Structures are given as structure tokens and as C-alpha cells.
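Below is one structure, written out as C-alpha cells; the observations come after it.
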Amino acid sequence: MMALFNRSGSSRILLLLAALWVLVILVFALLRPGMFSASTVTTILQFSTILALVSLGQGLVILAGGAGIDLSVGGTVSLSVVLATLAVKAGLPPGLIPFVCIGVGLLLGLFNGVLVTRLKILPLIATLGTLFIYSGMALALTGGGAQSGVPAWLLAWGRGSVLSLPMPFLTLVVPVFLLAAVLLLASAWGRWLLAMGYNERSARLVGIPVDRTRLLVYGLSGLLAGLAGLVSLAWLGSARPNIGQNLELESLTAVMLGGIAITGGIGGVGGVIAAVILLVTLKTGLLQLNVNTVWQVGIVGALLIAVLLIERLSKRWS
């Protein structure tokens, strides 16, 4: 578990996020007693599952530096579920749905990586372009309508829970984040990733395969987005071509809230999962208080700025 507390002040950002989460819970409890029941906890973690998987991929891309960013994650989620359900309607065995979601996500992510590492297109431009391509394809293939045909066994997993903890959260988010933490701190690949983000020129000079590693990171981001798509399919019971809408912005918010430097090389995955749960808790509470969506977006933006300011001031004081 200590691997979750990655270097350079991650423990400080985790403590700050934990304190903010407690404060949010207390404020909502005062405004509306009984709001946070067992069912609410399940809902929060269910929503957190999709955002957490996407945010982890986003975080790895940003950690690798090189102005890395993946704006296509929302489009990848949407297109992966659409292609999976359309493949089943075309005769593919339903048992292969998870593999299609993961495979499509991986291929879309690798395509982003090729644009960035081989064609040398700026990541912001490359992934912005593929965001429109992937999202547009998902809408064009379905005409904007949700696609049914999810097997019962997948729904049972997607909607199941153990002690109010959703099965997708237990079986995907927890092990994937633990694995990512271990890889970042206890493997050569993880050290390469952080070295690239901290100083890419030095990383190249010492022989780190920067382009190959960055290509793999974009592939992993796509794979995790495909997994998030699988969770949405299993939970909602249909493939919605707009399911990934705004995930690129929400994942970026979670990554920055979680203490990963936008320039790369600094941060850890523990802060990312903490930021995801804080964001989803805040949005769920505001929704139950019937706060307008426009205000919800503004409050989340203000929270991001406040956390970054507090974290920077705490660095100066220390």
C-alpha cells in the first residue's frame, strides 16, 4: 500500500484531499441529514469506477512528460462499447465482449501513440483530433441511439456489490491501481516513466527507450478507457454513444487534483483515486441538493484552483 504514496509530496496532497473529503461529507450531512446511506456509497463508487480507470490512464500519460495528454479518452470509451455491441449483433459470441472493449481501447490508444511518437504531432492536437474522430464514429455507427444486447452475466457483475462496494470497483479499480503503484515504484519501466517526465533529454542520454515507452503508455490509456467502457456497458445495460462525454476534462481535473504535475515526472496514483472519489462525492451531494449543473461545474473548477493554491502554499511554508 505504501507504493500508493509516490514521491514528491504525494502524502501531503493525499492528506489534503482526505481533509477536504471529510469536510464535504460534514457539510452535506448538515445540509441534508441521512444523505449518505449505503446506497449512496454504492452509487458514488460505481460512478468513481469509470472515472478512476480513465483518470489512471490519463495520469500515466501525463507522468511520462513530453507535453503528454490524452483528450481522446471519452471518445475511446464511447467507441469501444459501440463496436463491442455491434460486433455481438453481427454474430460475435457475447462472451467476447470484454475482449473487444479492451482490444478496441488498446488499438485506439496505440493509434494516438503512433501519431505522437512516430509522426511527431503535438499530443494536444493529436488527441483532440482523435477525440472528434472516435466520438463521431460512435455517433455515426449508432445514429445517436443506445445499443442493447448486453448479456445477463455481464449485468450481474456490473450491478453486483459486496458490502455496498460495487463489483467493478473491487475487481478492477482496486487491483489496477495497486498494480500501477507497484510498477511505478518497483519496476524499471516505472522508473523510466518518471525519469522521462522529469527530464526527457537526460532519459534519452542514459538509454531509456523514450518513444517506445510513451507509445506503450498511450496504449495503456486506451486499454483503461476500454475497461471503463466495459463497466458502463455492464452497469447501464446498453452501449451509449455519448457515454464518454466530458470524461477527458473530468479525468484531467482528477489528475491535477491528485498531485500529478502537468509537466510530468512528479506524482503518484494514490492521489488520483483520492481525487476521483472526492470529485464524485461532491457532484453526487450537489445533485441530491438539486444544485444546477452549471453551478456544479463552477464549484468543481473552484475546488481545483483552491487545492492547487493550498498545495503550493504548503510547499512554501515547509
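Identifiers for the C-alpha cells are assigned positionally: chains receive A, B, ... in sequence, residues are indexed from 1 per chain, and ligands are indexed from 1 in the order shown.
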Need the shell around range 26-38 of chain A: protein/DNA/RNA residues with any atom at most 8 Å away, counting only C-alpha atoms. Skip same-chain ones fewer than 3 positions apart. Format as a tab-separated table (two decimals) with N, CA and C atoms, in the first residue's frame?
```
chain	number	residue	atom	x	y	z
A	22	VAL	N	-13.62	14.80	4.05
A	22	VAL	CA	-14.32	14.81	5.33
A	22	VAL	C	-15.15	16.09	5.46
A	23	LEU	N	-14.58	17.21	5.03
A	23	LEU	CA	-15.30	18.48	5.10
A	23	LEU	C	-16.56	18.45	4.22
A	41	VAL	N	-23.33	5.41	-1.06
A	41	VAL	CA	-21.92	4.99	-1.14
A	41	VAL	C	-21.70	4.11	-2.36
A	42	THR	N	-22.63	3.18	-2.59
A	42	THR	CA	-22.53	2.30	-3.76
A	42	THR	C	-22.57	3.11	-5.05
A	164	SER	N	-21.90	-3.13	0.03
A	164	SER	CA	-22.10	-1.80	-0.58
A	164	SER	C	-20.96	-1.39	-1.52
A	285	GLY	N	-23.38	14.84	-4.02
A	285	GLY	CA	-24.04	15.66	-3.00
A	285	GLY	C	-24.74	16.86	-3.58
A	288	GLN	N	-27.95	15.76	-5.26
A	288	GLN	CA	-29.03	15.47	-4.32
A	288	GLN	C	-29.60	16.73	-3.69
A	289	LEU	N	-28.79	17.80	-3.68
A	289	LEU	CA	-29.28	19.08	-3.18
A	289	LEU	C	-29.95	19.90	-4.29
```
Checklist entry - Counting only C-alpha atoms, what is within 8 Å of Thr49 in chain A, bar same-chain residues fewer than 4 positions away, as an NGL selection string? => result :A and (45 or 53 or 168-169 or 173 or 228 or 231)
Next on the checklist: Run DSSP on the backbone and tell me which residues of range 47-236 of chain A come out as strand (DSSP E or B); list them as a PyMOL selection string.
Outcome noted: chain A and resi 147+161-162+165-166
Produce a file of the selected residues containing N, CA and C atoms, as an mmCIF file, in the first residue's frame.
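After the write, part_19.cif holds the following:
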```cif
data_model
loop_
_atom_site.group_PDB
_atom_site.id
_atom_site.type_symbol
_atom_site.label_atom_id
_atom_site.label_comp_id
_atom_site.auth_asym_id
_atom_site.auth_seq_id
_atom_site.Cartn_x
_atom_site.Cartn_y
_atom_site.Cartn_z
ATOM 1 N N GLN A 147 -27.461 1.165 -27.808
ATOM 2 C CA GLN A 147 -27.494 -0.185 -28.370
ATOM 3 C C GLN A 147 -27.681 -1.202 -27.241
ATOM 4 N N SER A 161 -22.710 -6.084 -5.940
ATOM 5 C CA SER A 161 -21.944 -5.396 -4.900
ATOM 6 C C SER A 161 -21.685 -6.333 -3.737
ATOM 7 N N VAL A 162 -20.650 -6.028 -2.981
ATOM 8 C CA VAL A 162 -20.298 -6.761 -1.764
ATOM 9 C C VAL A 162 -20.128 -5.739 -0.652
ATOM 10 N N LEU A 165 -19.989 -2.264 -1.748
ATOM 11 C CA LEU A 165 -18.888 -1.966 -2.659
ATOM 12 C C LEU A 165 -19.181 -2.614 -4.010
ATOM 13 N N PRO A 166 -19.301 -1.827 -5.070
ATOM 14 C CA PRO A 166 -19.624 -2.393 -6.389
ATOM 15 C C PRO A 166 -18.565 -3.394 -6.853
#
```
Checklist entry - Within 9 Å of Leu122 in chain A, counting only C-alpha atoms, which residues qualify if same-chain residues fewer than 3 places away don't, as a list in words? => result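 Here the qualifying residues turn out to be Gly66, Ala67, Gly68, Leu115, Val116, Ile125, Ala126 and Thr127 of chain A.
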Next on the checklist: List the spatial neighbours of range 190-194 of chain A as number ranges by chain - criterion: any atom at most 10 Å away, only C-alpha atoms, same-chain residues fewer than 6 positions off excluded.
Outcome noted: A: 60-65, 180-184, 200, 203-204, 207-210, 213-214, 217, 264-268
Checklist entry - If you count only C-alpha atoms, which residues fall within 10 Å of Leu128 in chain A, apart from same-chain ones fewer than 2 positions away, as JSON, numbers by chain? => result {"A": [69, 70, 71, 72, 73, 75, 112, 122, 123, 124, 125, 126, 130, 131, 132, 133, 248]}
For the contact check between range 217-251 of chain A and range 272-283 of chain A, emit one row per residue of range 217-251 of chain A within 12 Å, containing the shortest atom pair and the distance in Å rounded to one decimal, counting only C-alpha atoms, chain then rising number order, as a tab-separated table.
```
residue	atom	partner	partner_atom	distance
A:Leu247	CA	A:Val276	CA	11.7
A:Glu250	CA	A:Leu279	CA	8.7
A:Ser251	CA	A:Val276	CA	8.1
```
Save out the residues we just selected, N, CA and C atoms, as an mmCIF file, in the first residue's frame.
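Saved the output as out-v5.cif:
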```
data_model
loop_
_atom_site.group_PDB
_atom_site.id
_atom_site.type_symbol
_atom_site.label_atom_id
_atom_site.label_comp_id
_atom_site.auth_asym_id
_atom_site.auth_seq_id
_atom_site.Cartn_x
_atom_site.Cartn_y
_atom_site.Cartn_z
ATOM 1 N N LEU A 247 -15.467 13.108 -20.149
ATOM 2 C CA LEU A 247 -14.519 12.330 -19.361
ATOM 3 C C LEU A 247 -13.093 12.859 -19.497
ATOM 4 N N GLU A 250 -12.903 15.752 -16.970
ATOM 5 C CA GLU A 250 -13.004 15.261 -15.595
ATOM 6 C C GLU A 250 -11.759 14.477 -15.198
ATOM 7 N N SER A 251 -11.217 13.693 -16.127
ATOM 8 C CA SER A 251 -10.007 12.936 -15.802
ATOM 9 C C SER A 251 -8.814 13.866 -15.610
#
```
Checklist entry - Looking at A:Gly222, A:Pro98, A:Gly258, A:Gly74, which one is nearest to Val150 in chain A, with distances taken over only C-alpha atoms? => result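 Among the listed residues, A:Pro98 lies closest to Val150 in chain A.
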Next on the checklist: So that I can check the secondary structure, give me every residue of range 208-262 of chain A assigned alpha helix (DSSP H) by backbone DSSP, as a ChimeraX atom specification.
Outcome noted: /A:210-236,247-257
8 Å contact set for Pro241 in chain A, only C-alpha atoms, chain neighbours under 4 positions out, as a PDB file with C-alpha atoms, in the first residue's frame:
```pdb
ATOM      1  CA  SER A  78     -17.799   5.510 -26.379  1.00  0.00           C
ATOM      2  CA  LEU A  79     -16.398   3.836 -29.484  1.00  0.00           C
ATOM      3  CA  VAL A  81     -18.698  -0.060 -26.229  1.00  0.00           C
ATOM      4  CA  VAL A  82     -20.416   0.734 -29.519  1.00  0.00           C
ATOM      5  CA  SER A 135     -16.759  10.281 -30.797  1.00  0.00           C
ATOM      6  CA  ALA A 138     -19.605   6.204 -32.218  1.00  0.00           C
ATOM      7  CA  LEU A 139     -22.464   8.549 -33.105  1.00  0.00           C
ATOM      8  CA  THR A 142     -25.479   4.164 -33.985  1.00  0.00           C
ATOM      9  CA  GLY A 144     -27.038   8.555 -31.691  1.00  0.00           C
ATOM     10  CA  GLY A 145     -29.180   5.783 -30.190  1.00  0.00           C
ATOM     11  CA  ALA A 146     -28.256   3.408 -27.371  1.00  0.00           C
TER      12      ALA A 146
END
```
Checklist entry - Pick from A:Ala90, A:Asn290, A:Gly271, A:Gln296: nearest to Ala18 in chain A, with only C-alpha atoms counted? => result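 Nearest candidate to Ala18 in chain A out of A:Ala90, A:Asn290, A:Gly271, A:Gln296: A:Gly271.
Comparing the minimum interatomic distances between Ala152 in chain A and each of A:Ala234, A:Leu249, A:Leu14, A:Val206, counting only C-alpha atoms, we find that A:Ala234 sits nearest.
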